>>> print(open('final-v1.txt').read())   # compact mmCIF, C-alpha atoms
# COMPACT_ATOMS: atom_id res chain seq x y z
CA MET A 1 0.00 0.00 0.00
CA GLU A 2 1.59 3.21 -1.15
CA SER A 3 -0.27 5.07 1.57
CA PHE A 4 1.45 2.95 4.29
CA LYS A 5 4.06 5.56 5.07
CA PHE A 6 5.13 6.29 8.60
CA ASN A 7 3.86 9.54 10.08
CA ARG A 8 4.33 11.05 13.52
CA PHE A 9 1.38 9.11 14.94
CA ASP A 10 2.93 5.83 13.78
CA TYR A 11 6.21 6.75 15.44
CA ARG A 12 4.37 7.62 18.63
CA LEU A 13 2.62 4.24 18.54
CA ILE A 14 5.93 2.42 18.04
CA VAL A 15 7.68 4.35 20.82
CA THR A 16 4.76 3.79 23.20
CA TYR A 17 4.73 0.07 22.44
CA LEU A 18 8.50 -0.21 22.99
CA MET A 19 8.32 1.70 26.29
CA ILE A 20 5.55 -0.54 27.63
CA ALA A 21 7.34 -3.67 26.40
CA VAL A 22 10.67 -2.60 27.97
CA VAL A 23 8.98 -1.96 31.34
CA TRP A 24 7.32 -5.36 31.21
CA LEU A 25 10.50 -7.18 30.19
CA SER A 26 12.48 -5.40 32.91
CA TYR A 27 9.97 -6.63 35.48
CA ARG A 28 9.96 -10.13 34.02
CA TYR A 29 13.76 -10.40 33.90
CA THR A 30 14.00 -9.17 37.48
CA VAL A 31 11.43 -11.68 38.75
CA GLN A 32 13.26 -14.47 36.89
CA HIS A 33 16.56 -13.38 38.50
CA TYR A 34 18.39 -12.37 35.33
CA THR A 35 21.78 -10.76 35.83
CA PHE A 36 22.30 -7.07 35.09
CA PHE A 37 24.23 -7.97 31.92
CA GLU A 38 21.45 -10.30 30.74
CA ILE A 39 18.80 -7.65 31.42
CA TRP A 40 20.73 -4.92 29.59
CA THR A 41 21.58 -7.05 26.52
CA GLY A 42 18.09 -8.53 26.45
CA LEU A 43 16.40 -5.12 26.42
CA VAL A 44 18.75 -3.68 23.79
CA GLY A 45 18.36 -6.82 21.69
CA PHE A 46 14.57 -6.65 21.97
CA VAL A 47 14.39 -2.99 20.85
CA LEU A 48 16.74 -3.52 17.90
CA LYS A 49 15.01 -6.73 16.87
CA THR A 50 11.55 -5.13 17.00
CA LEU A 51 12.59 -2.09 14.98
CA VAL A 52 14.27 -4.27 12.33
CA LEU A 53 11.20 -6.54 12.12
CA ILE A 54 8.82 -3.58 11.77
CA TYR A 55 10.91 -2.03 9.00
CA LEU A 56 11.43 -5.26 7.05
CA MET A 57 7.83 -6.47 7.37
CA VAL A 58 6.37 -3.10 6.31
CA TRP A 59 8.88 -2.98 3.44
CA SER A 60 7.73 -6.45 2.35
CA ILE A 61 4.07 -5.39 2.44
CA GLN A 62 4.79 -2.36 0.26
CA LYS A 63 7.15 -4.20 -2.09
CA PHE A 64 5.36 -7.46 -2.74
CA LEU A 65 1.70 -6.97 -1.72
CA SER A 66 0.79 -3.37 -2.54
CA SER A 67 2.67 -2.77 -5.76
CA LYS A 68 3.16 -6.22 -7.31
CA LYS A 69 0.52 -8.48 -5.66
CA LYS A 70 3.04 -11.33 -5.46
CA TYR A 71 1.52 -13.24 -2.56
CA LEU A 72 3.69 -16.36 -2.65
CA LEU A 73 6.88 -14.32 -2.85
CA PHE A 74 5.63 -12.16 0.01
CA PHE A 75 5.18 -15.15 2.33
CA VAL A 76 8.57 -16.56 1.35
CA VAL A 77 10.25 -13.23 2.14
CA ILE A 78 8.39 -12.92 5.47
CA PHE A 79 9.45 -16.48 6.36
CA LEU A 80 13.09 -15.65 5.67
CA ILE A 81 12.91 -12.37 7.59
CA LEU A 82 11.40 -14.01 10.67
CA PHE A 83 13.89 -16.88 10.52
CA LEU A 84 17.02 -14.73 10.06
CA VAL A 85 16.10 -12.11 12.65
CA GLY A 86 15.00 -14.80 15.09
CA PHE A 87 18.21 -16.76 14.51
CA LEU A 88 20.34 -13.67 15.22
CA ASP A 89 18.38 -13.06 18.42
CA LEU A 90 18.85 -16.72 19.35
CA LEU A 91 22.61 -16.26 18.95
CA ARG A 92 22.43 -13.11 21.07
CA ASP A 93 20.62 -15.05 23.79
CA TYR A 94 23.18 -17.86 23.60
CA PHE A 95 26.24 -15.63 23.94
CA THR A 96 24.81 -13.35 26.67
CA SER A 97 23.26 -15.98 28.94
CA GLU A 98 24.92 -16.48 32.33
CA PRO A 99 25.68 -19.33 32.55
CA ARG A 100 25.66 -20.05 28.83
CA TRP A 101 23.16 -22.75 27.90
CA GLU A 102 24.23 -25.76 25.85
CA TRP A 103 23.70 -25.51 22.09
CA ASP A 104 22.30 -28.93 21.28
CA LEU A 105 19.56 -27.87 18.83
CA SER A 106 18.83 -29.85 15.69
CA PHE A 107 18.12 -27.95 12.48
CA SER A 108 14.35 -28.34 12.94
CA GLN A 109 14.56 -27.20 16.55
CA MET A 110 16.69 -24.22 15.50
CA ILE A 111 13.99 -23.15 13.00
CA VAL A 112 11.28 -23.42 15.67
CA GLU A 113 13.35 -21.52 18.24
CA SER A 114 14.23 -18.82 15.69
CA PHE A 115 10.56 -18.22 14.93
CA TYR A 116 9.80 -18.23 18.66
CA HIS A 117 12.36 -15.45 19.12
CA SER A 118 10.97 -13.27 16.31
CA THR A 119 7.33 -13.86 15.41
CA PRO A 120 5.59 -12.50 18.56
CA ASP A 121 7.85 -9.44 18.71
CA GLY A 122 7.20 -8.63 15.05
CA ALA A 123 3.54 -9.60 14.70
CA LEU A 124 2.18 -7.48 17.57
CA PRO A 125 3.58 -4.04 16.62
CA VAL A 126 3.01 -4.58 12.88
CA GLY A 127 -0.55 -5.71 13.64
CA LEU A 128 -1.10 -2.54 15.69
CA LEU A 129 0.25 -0.41 12.84
CA LEU A 130 -1.92 -2.17 10.25
CA GLY A 131 -4.99 -1.75 12.42
CA ARG A 132 -4.29 1.95 12.91
CA LYS A 133 -3.62 2.41 9.21
CA TYR A 134 -6.86 0.66 8.30
CA TYR A 135 -8.85 2.88 10.66
CA GLU A 136 -7.01 5.96 9.39
CA HIS A 137 -7.66 4.95 5.78
CA ARG A 138 -11.39 4.43 6.41
CA LEU A 139 -11.70 7.89 7.97
CA GLU A 140 -9.75 9.46 5.11
CA TYR A 141 -11.79 7.55 2.53
CA THR A 142 -15.05 8.79 4.03
CA GLU A 143 -13.74 12.36 4.22
CA LEU A 144 -12.51 12.30 0.63
CA GLN A 145 -15.78 10.83 -0.63
CA ASN A 146 -17.60 13.75 0.97
CA SER A 147 -15.06 16.15 -0.53
CA GLN A 148 -15.59 14.60 -3.95
CA LYS A 149 -19.35 15.10 -3.76
CA GLU A 150 -18.78 18.66 -2.56
CA MET A 151 -16.36 19.21 -5.44
CA GLU A 152 -18.89 17.98 -7.98
CA LEU A 153 -21.59 20.24 -6.56
CA LYS A 154 -19.24 23.23 -6.52
CA ALA A 155 -18.23 22.59 -10.13
CA LEU A 156 -21.85 22.46 -11.22
CA ARG A 157 -22.87 25.46 -9.13
CA ALA A 158 -19.99 27.42 -10.61
CA GLN A 159 -21.53 26.97 -14.04
CA TYR A 160 -25.15 27.29 -12.98
CA ASP A 161 -24.36 30.31 -10.82
CA PRO A 162 -26.65 33.20 -11.83
CA HIS A 163 -23.62 35.50 -12.06
CA PHE A 164 -21.93 33.22 -14.57
CA LEU A 165 -25.13 32.83 -16.58
CA TYR A 166 -25.82 36.58 -16.38
CA ASN A 167 -22.38 37.38 -17.81
CA SER A 168 -22.81 34.79 -20.53
CA LEU A 169 -26.18 36.22 -21.55
CA ASN A 170 -24.74 39.73 -21.55
CA THR A 171 -21.96 38.54 -23.83
CA ILE A 172 -24.52 37.01 -26.19
CA ASP A 173 -26.50 40.26 -26.12
CA ALA A 174 -23.39 42.25 -27.04
CA LEU A 175 -22.48 39.81 -29.79
CA ILE A 176 -25.96 40.11 -31.30
CA ASP A 177 -25.56 43.88 -31.56
CA TYR A 178 -22.00 44.06 -32.86
CA SER A 179 -20.95 40.67 -34.24
CA PRO A 180 -21.82 38.47 -37.20
CA LYS A 181 -24.52 35.87 -36.72
CA GLU A 182 -21.94 33.08 -37.09
CA LYS A 183 -20.00 34.31 -34.06
CA VAL A 184 -23.18 34.46 -31.96
CA LYS A 185 -24.08 30.93 -32.96
CA ALA A 186 -20.53 29.75 -32.17
CA TYR A 187 -20.67 31.28 -28.69
CA VAL A 188 -24.06 29.71 -27.94
CA SER A 189 -22.81 26.37 -29.26
CA HIS A 190 -19.74 26.38 -26.99
CA LEU A 191 -21.82 27.42 -23.99
CA ALA A 192 -24.36 24.65 -24.64
CA SER A 193 -21.56 22.12 -25.13
CA LEU A 194 -20.04 23.00 -21.77
CA TYR A 195 -23.38 22.72 -19.97
CA ARG A 196 -24.23 19.48 -21.77
CA TYR A 197 -20.94 17.86 -20.76
CA LEU A 198 -21.28 18.87 -17.09
CA ILE A 199 -24.86 17.62 -16.88
CA HIS A 200 -24.39 14.31 -18.67
CA ARG A 201 -21.07 13.41 -16.99
CA LYS A 202 -21.73 14.76 -13.50
CA ASP A 203 -21.84 11.27 -11.92
CA GLN A 204 -18.56 10.07 -13.44
CA GLU A 205 -15.45 10.03 -11.27
CA VAL A 206 -12.98 10.17 -14.16
CA ALA A 207 -13.05 11.37 -17.75
CA SER A 208 -10.83 10.77 -20.71
CA LEU A 209 -8.12 13.32 -21.41
CA ARG A 210 -9.68 14.01 -24.82
CA GLU A 211 -13.04 14.88 -23.20
CA GLU A 212 -11.33 17.14 -20.67
CA LEU A 213 -9.40 18.94 -23.42
CA ASP A 214 -12.58 19.40 -25.47
CA LEU A 215 -14.28 20.89 -22.40
CA ALA A 216 -11.29 23.19 -21.91
CA LYS A 217 -11.57 24.39 -25.51
CA ASP A 218 -15.22 25.31 -24.96
CA TYR A 219 -14.20 27.24 -21.86
CA PHE A 220 -11.35 28.93 -23.78
CA TYR A 221 -13.78 30.22 -26.38
CA LEU A 222 -16.24 31.57 -23.81
CA ILE A 223 -13.56 33.41 -21.82
CA GLU A 224 -11.65 34.76 -24.82
CA THR A 225 -14.88 36.00 -26.40
CA ARG A 226 -16.13 37.59 -23.20
CA PHE A 227 -12.87 39.31 -22.18
CA GLY A 228 -11.39 40.00 -25.60
CA GLY A 229 -7.59 40.03 -25.40
CA ASP A 230 -7.34 39.75 -21.62
CA TYR A 231 -6.85 35.97 -21.66
CA ARG A 232 -5.05 33.71 -24.10
CA PHE A 233 -4.99 29.90 -23.96
CA GLN A 234 -3.08 27.25 -25.85
CA ILE A 235 -2.67 23.47 -25.69
CA LYS A 236 0.58 21.60 -26.36
CA THR A 237 0.44 17.81 -26.59
CA ASP A 238 2.82 15.05 -27.57
CA GLY A 239 0.14 13.78 -29.95
CA LYS A 240 -0.82 10.82 -27.76
CA ILE A 241 -3.87 11.52 -25.65
CA GLU A 242 -5.77 8.24 -25.96
CA GLU A 243 -6.26 5.96 -22.95
CA LYS A 244 -5.32 8.76 -20.58
CA TYR A 245 -7.64 10.01 -17.87
CA LEU A 246 -8.21 12.80 -15.36
CA PRO A 247 -10.70 13.32 -12.53
CA HIS A 248 -13.93 14.64 -14.03
CA GLY A 249 -13.80 18.43 -14.39
CA ALA A 250 -10.15 18.66 -13.26
CA LEU A 251 -9.00 20.91 -16.09
CA LEU A 252 -12.03 23.17 -15.78
CA THR A 253 -11.32 23.61 -12.06
CA VAL A 254 -7.74 24.71 -12.74
CA LEU A 255 -8.76 27.05 -15.57
CA GLU A 256 -11.47 28.67 -13.46
CA ASN A 257 -8.82 29.22 -10.80
CA VAL A 258 -6.68 31.07 -13.39
CA VAL A 259 -9.50 33.43 -14.38
CA LYS A 260 -10.65 33.96 -10.80
CA HIS A 261 -7.23 34.91 -9.41
CA ASN A 262 -5.74 36.77 -12.39
CA LYS A 263 -7.44 39.94 -13.56
CA ALA A 264 -5.89 41.49 -16.65
CA LEU A 265 -4.68 45.04 -16.11
CA GLY A 266 -4.23 47.54 -18.94
CA ASP A 267 -2.55 45.89 -21.91
CA THR A 268 -1.44 42.87 -19.85
CA THR A 269 -2.66 39.52 -21.15
CA VAL A 270 -2.93 36.46 -18.93
CA GLN A 271 -1.25 33.66 -20.86
CA THR A 272 -2.23 30.07 -20.02
CA THR A 273 -0.63 26.98 -21.53
CA ILE A 274 -1.71 23.36 -21.11
CA GLU A 275 1.21 21.00 -21.69
CA VAL A 276 0.45 17.29 -22.00
CA ASP A 277 3.14 14.60 -21.79
CA SER A 278 3.07 10.87 -21.10
CA SER A 279 2.35 11.16 -17.38
CA THR A 280 1.09 14.64 -16.51
CA VAL A 281 -0.98 17.59 -17.66
CA CYS A 282 0.73 20.83 -16.68
CA VAL A 283 -1.23 24.09 -16.59
CA ILE A 284 1.01 27.16 -16.56
CA ASN A 285 -0.38 30.69 -16.32
CA SER A 286 1.24 34.09 -16.07
CA LYS A 287 0.39 36.17 -13.03
CA THR A 288 -0.71 39.79 -13.25
CA SER A 289 0.43 42.52 -10.92
CA GLY A 290 -3.04 42.53 -9.41
CA ASN A 291 -2.67 38.92 -8.30
CA PRO A 292 -1.61 38.45 -4.64
CA SER A 293 1.99 37.28 -4.32
CA LYS A 294 1.33 35.06 -1.36
CA GLU A 295 0.89 31.39 -2.05
CA SER A 296 -2.72 30.48 -1.45
CA LEU A 297 -4.71 27.66 -2.97
CA GLY A 298 -8.42 28.11 -3.52
CA THR A 299 -11.06 25.68 -2.31
CA GLY A 300 -11.41 24.23 -5.81
CA LEU A 301 -7.74 23.20 -6.04
CA LYS A 302 -7.71 21.86 -2.49
CA ASN A 303 -10.76 19.70 -3.18
CA LEU A 304 -9.27 18.55 -6.49
CA ASP A 305 -6.13 17.47 -4.63
CA LYS A 306 -8.31 15.47 -2.22
CA ARG A 307 -10.08 13.81 -5.16
CA TYR A 308 -6.73 12.74 -6.55
CA ARG A 309 -5.83 11.10 -3.25
CA LEU A 310 -9.21 9.37 -3.26
CA LEU A 311 -8.88 8.03 -6.79
CA SER A 312 -5.17 7.17 -6.65
CA ASP A 313 -2.02 7.52 -4.57
CA GLN A 314 -1.02 10.62 -6.52
CA GLN A 315 -1.55 14.27 -5.73
CA LEU A 316 -1.35 17.67 -7.37
CA ARG A 317 1.96 19.49 -7.54
CA PHE A 318 2.12 23.27 -7.35
CA ASN A 319 4.87 25.76 -8.12
CA ASN A 320 4.02 29.35 -7.28
CA LYS A 321 6.58 31.80 -8.69
CA PRO A 322 6.42 35.61 -8.65
CA LYS A 323 5.29 35.79 -12.29
CA GLU A 324 4.01 32.28 -12.94
CA PHE A 325 1.74 29.69 -11.35
CA ARG A 326 2.13 26.05 -12.31
CA VAL A 327 -0.20 23.13 -11.55
CA GLU A 328 0.73 19.56 -12.50
CA LEU A 329 -2.14 17.08 -12.86
CA PRO A 330 -0.96 13.44 -12.87
CA LEU A 331 -2.70 11.32 -15.50
CA LEU A 332 -4.68 8.38 -14.17
CA GLN A 333 -4.69 4.79 -15.32
CA LEU A 334 -7.87 2.74 -15.28
CA VAL A 335 -7.61 -0.65 -13.59
CA GLU A 336 -9.60 -3.42 -15.22
>>> encode(input="final-v1.txt", output="structure tokens")
Amino acid sequence: MESFKFNRFDYRLIVTYLMIAVVWLSYRYTVQHYTFFEIWTGLVGFVLKTLVLIYLMVWSIQKFLSSKKKYLLFFVVIFLILFLVGFLDLLRDYFTSEPRWEWDLSFSQMIVESFYHSTPDGALPVGLLLGRKYYEHRLEYTELQNSQKEMELKALRAQYDPHFLYNSLNTIDALIDYSPKEKVKAYVSHLASLYRYLIHRKDQEVASLREELDLAKDYFYLIETRFGGDYRFQIKTDGKIEEKYLPHGALLTVLENVVKHNKALGDTTVQTTIEVDSSTVCVINSKTSGNPSKESLGTGLKNLDKRYRLLSDQQLRFNNKPKEFRVELPLLQLVE
């Protein structure tokens, strides 16, 4: 699981577990009349062994279960980890015991003793971590589902907003008075296409890159027509946009953010470029002097980032420079 990455709460859980275990072992060793040397080496050996087991077992889960789904190989690796770590701890116990016990173990007995020295000390903390991660994931999943629904409603409301519709109708009214009939029809066509797409695809979680780019082109036309030369958009692709996907409405969210936070001043034109490569869609826009210099993400981009984490293990990447704002949208792959 790519999301199984240690955070400060995981470290607190591990430290708390080790502290409780060390207190218990200290009491146990004292009751069983261990020497000071045996107690000290036993406690140090236990802490080191537990930390190594946690790291190796979590690494195995990420390496062979989450990314590759190689179950047989995973169990073989776990078997070897438990055996080797347990065997090293068995050697530690042999060399630090006072008096030293007699090594008369057969190979089968050595395997059993090695697992006895490792399995309980590895299984309990890793089980606690997995349980906490599962609970954490369920809470995050529920939160992100709610954010996704909120995002969809916000995207629709943004287009159905009376202010947006009022401006669009005013633009049509102006075009009727001063523009050829063909331009009026083109504007109405692009506006209808944008509404049609949002209505018909509102329940979809993802959309093809081609559909998202077509939606962006409709939005380009509406904004460029309404604001004249204030905004300019262009798309650069590597020519391969098939079988590539984005969260539904992702591009529109980023483009709306550009228009919302960048007001053209005087002869300044806000330039926006969409660059598509094999793995990402990068939206780069120039920033006007009227745009705040502080780095602040709007609600739309924050919710879009949450949707990415819901749909995949990827997230948005931002680069806010004094004269340029850059958003990188990772392309998604559909799993059959």
>>> closest_residue(input="final-v1.txt", among="A:Val254, A:His137, A:Gly42, A:Ala123", to="Arg28 of chain A", atoms="only C-alpha atoms")
A:Gly42
>>> residues_near_point(input="final-v1.txt", point="(-17.9, 32.1, -22.2)", cutoff="9 Å", atoms="only C-alpha atoms", output="tab-separated table (two decimals) with C-alpha atoms, in the frame of the given file")
chain	number	residue	atom	x	y	z
A	164	PHE	CA	-21.93	33.22	-14.57
A	167	ASN	CA	-22.38	37.38	-17.81
A	168	SER	CA	-22.81	34.79	-20.53
A	171	THR	CA	-21.96	38.54	-23.83
A	187	TYR	CA	-20.67	31.28	-28.69
A	188	VAL	CA	-24.06	29.71	-27.94
A	190	HIS	CA	-19.74	26.38	-26.99
A	191	LEU	CA	-21.82	27.42	-23.99
A	218	ASP	CA	-15.22	25.31	-24.96
A	219	TYR	CA	-14.20	27.24	-21.86
A	220	PHE	CA	-11.35	28.93	-23.78
A	221	TYR	CA	-13.78	30.22	-26.38
A	222	LEU	CA	-16.24	31.57	-23.81
A	223	ILE	CA	-13.56	33.41	-21.82
A	224	GLU	CA	-11.65	34.76	-24.82
A	225	THR	CA	-14.88	36.00	-26.40
A	226	ARG	CA	-16.13	37.59	-23.20
A	227	PHE	CA	-12.87	39.31	-22.18
>>> closest_atom_pairs(input="final-v1.txt", of="segment 78-151 of chain A", to="segment 49-53 of chain A", cutoff="8 Å", atoms="all atoms listed in the file", output="Markdown table")
| residue | atom | partner | partner_atom | distance |
| --- | --- | --- | --- | --- |
| A:Ile81 | CA | A:Leu53 | CA | 7.6 |
| A:Leu82 | CA | A:Leu53 | CA | 7.6 |
| A:Val85 | CA | A:Lys49 | CA | 6.9 |
| A:Asp89 | CA | A:Lys49 | CA | 7.3 |
| A:Ser118 | CA | A:Lys49 | CA | 7.7 |
| A:Asp121 | CA | A:Thr50 | CA | 5.9 |
| A:Gly122 | CA | A:Leu53 | CA | 5.4 |
>>> atom_distance(input="final-v1.txt", atom1="atom CA of Leu194 of chain A", atom2="atom CA of Leu209 of chain A")
15.4 Å
>>> atom_distance(input="final-v1.txt", atom1="atom CA of Thr35 of chain A", atom2="atom CA of Ile20 of chain A")
20.9 Å
>>> atom_distance(input="final-v1.txt", atom1="atom CA of Pro180 of chain A", atom2="atom CA of Thr272 of chain A")
27.4 Å
>>> residues_around(input="final-v1.txt", residues="Asp305 of chain A", least_positions_apart="2", cutoff="9 Å", atoms="all atoms listed in the file", output="PyMOL selection string")
chain A and resi 300-303+307-310+314-317
>>> residues_around(input="final-v1.txt", residues="segment 67-77 of chain A", least_positions_apart="2", cutoff="12 Å", atoms="only C-alpha atoms", output="list in words")
Met1, Glu2, Ser3, Phe4, Leu56, Met57, Val58, Trp59, Ser60, Ile61, Gln62, Lys63, Phe64, Leu65, Phe79, Leu80, Ile81, Leu82, Phe83, Leu84 and Asp313 of chain A
>>> closest_residue(input="final-v1.txt", among="A:Tyr116, A:Glu98, A:Phe46, A:Glu205", to="Met19 of chain A", atoms="all atoms listed in the file")
A:Phe46
>>> residues_around(input="final-v1.txt", residues="Gly239 of chain A", least_positions_apart="4", cutoff="12 Å", atoms="all atoms listed in the file", output="PDB file with C-alpha atoms, in the frame of the given file")
ATOM      1  CA  LEU A 209      -8.120  13.320 -21.410  1.00  0.00           C
ATOM      2  CA  ARG A 210      -9.680  14.010 -24.820  1.00  0.00           C
ATOM      3  CA  ILE A 235      -2.670  23.470 -25.690  1.00  0.00           C
ATOM      4  CA  LYS A 244      -5.320   8.760 -20.580  1.00  0.00           C
ATOM      5  CA  GLU A 275       1.210  21.000 -21.690  1.00  0.00           C
ATOM      6  CA  VAL A 276       0.450  17.290 -22.000  1.00  0.00           C
ATOM      7  CA  ASP A 277       3.140  14.600 -21.790  1.00  0.00           C
ATOM      8  CA  SER A 278       3.070  10.870 -21.100  1.00  0.00           C
TER       9      SER A 278
END
>>> residues_around(input="final-v1.txt", residues="Ser286 of chain A", least_positions_apart="3", cutoff="12 Å", atoms="all atoms listed in the file", output="list in words")
Asp230, Tyr231, Arg232, Phe233, Val258, Val259, His261, Asn262, Lys263, Ala264, Thr268, Thr269, Val270, Gln271, Thr272, Thr273, Val283, Ser289, Gly290, Asn291, Asn320, Lys321, Pro322, Lys323, Glu324, Phe325, Arg326 and Val327 of chain A
>>> residues_around(input="final-v1.txt", residues="Leu25 of chain A", least_positions_apart="4", cutoff="8 Å", atoms="only C-alpha atoms", output="JSON, numbers by chain")
{"A": [21, 29, 43]}
>>> write_last_selection(input="final-v1.txt", atoms="C-alpha atoms", output="JSON list (two decimals), in the coordinates of the input")
[["chain", "number", "residue", "atom", "x", "y", "z"],
["A", 21, "ALA", "CA", 7.34, -3.67, 26.40],
["A", 29, "TYR", "CA", 13.76, -10.40, 33.90],
["A", 43, "LEU", "CA", 16.40, -5.12, 26.42]]
>>> closest_residue(input="final-v1.txt", among="A:Leu251, A:Leu91, A:Arg201, A:Asn170", to="Asp214 of chain A", atoms="all atoms listed in the file")
A:Leu251
>>> build_atoms(input="final-v1.txt", residues="segment 309-322 of chain A", atoms="N, CA and C atoms", output="mmCIF file, in the coordinates of the input")
data_model
loop_
_atom_site.group_PDB
_atom_site.id
_atom_site.type_symbol
_atom_site.label_atom_id
_atom_site.label_comp_id
_atom_site.auth_asym_id
_atom_site.auth_seq_id
_atom_site.Cartn_x
_atom_site.Cartn_y
_atom_site.Cartn_z
ATOM 1 N N ARG A 309 -6.240 12.057 -4.274
ATOM 2 C CA ARG A 309 -5.830 11.100 -3.250
ATOM 3 C C ARG A 309 -6.900 10.034 -3.023
ATOM 4 N N LEU A 310 -8.144 10.361 -3.352
ATOM 5 C CA LEU A 310 -9.210 9.370 -3.260
ATOM 6 C C LEU A 310 -9.134 8.376 -4.405
ATOM 7 N N LEU A 311 -8.884 8.879 -5.608
ATOM 8 C CA LEU A 311 -8.880 8.030 -6.790
ATOM 9 C C LEU A 311 -7.568 7.291 -6.992
ATOM 10 N N SER A 312 -6.484 7.791 -6.444
ATOM 11 C CA SER A 312 -5.170 7.170 -6.650
ATOM 12 C C SER A 312 -4.267 7.565 -5.490
ATOM 13 N N ASP A 313 -3.002 7.141 -5.578
ATOM 14 C CA ASP A 313 -2.020 7.520 -4.570
ATOM 15 C C ASP A 313 -1.239 8.761 -4.993
ATOM 16 N N GLN A 314 -1.716 9.444 -6.023
ATOM 17 C CA GLN A 314 -1.020 10.620 -6.520
ATOM 18 C C GLN A 314 -1.685 11.891 -5.986
ATOM 19 N N GLN A 315 -1.011 12.998 -6.168
ATOM 20 C CA GLN A 315 -1.550 14.270 -5.730
ATOM 21 C C GLN A 315 -1.070 15.375 -6.651
ATOM 22 N N LEU A 316 -1.739 16.534 -6.554
ATOM 23 C CA LEU A 316 -1.350 17.670 -7.370
ATOM 24 C C LEU A 316 0.008 18.204 -6.921
ATOM 25 N N ARG A 317 0.711 18.814 -7.853
ATOM 26 C CA ARG A 317 1.960 19.490 -7.540
ATOM 27 C C ARG A 317 1.851 20.952 -7.976
ATOM 28 N N PHE A 318 2.246 21.843 -7.096
ATOM 29 C CA PHE A 318 2.120 23.270 -7.350
ATOM 30 C C PHE A 318 3.493 23.935 -7.309
ATOM 31 N N ASN A 319 3.650 24.952 -8.132
ATOM 32 C CA ASN A 319 4.870 25.760 -8.120
ATOM 33 C C ASN A 319 4.469 27.211 -8.333
ATOM 34 N N ASN A 320 4.483 27.963 -7.245
ATOM 35 C CA ASN A 320 4.020 29.350 -7.280
ATOM 36 C C ASN A 320 5.221 30.282 -7.328
ATOM 37 N N LYS A 321 5.486 30.861 -8.495
ATOM 38 C CA LYS A 321 6.580 31.800 -8.690
ATOM 39 C C LYS A 321 6.037 33.224 -8.752
ATOM 40 N N PRO A 322 6.908 34.217 -8.636
ATOM 41 C CA PRO A 322 6.420 35.610 -8.650
ATOM 42 C C PRO A 322 5.612 35.965 -9.896
#
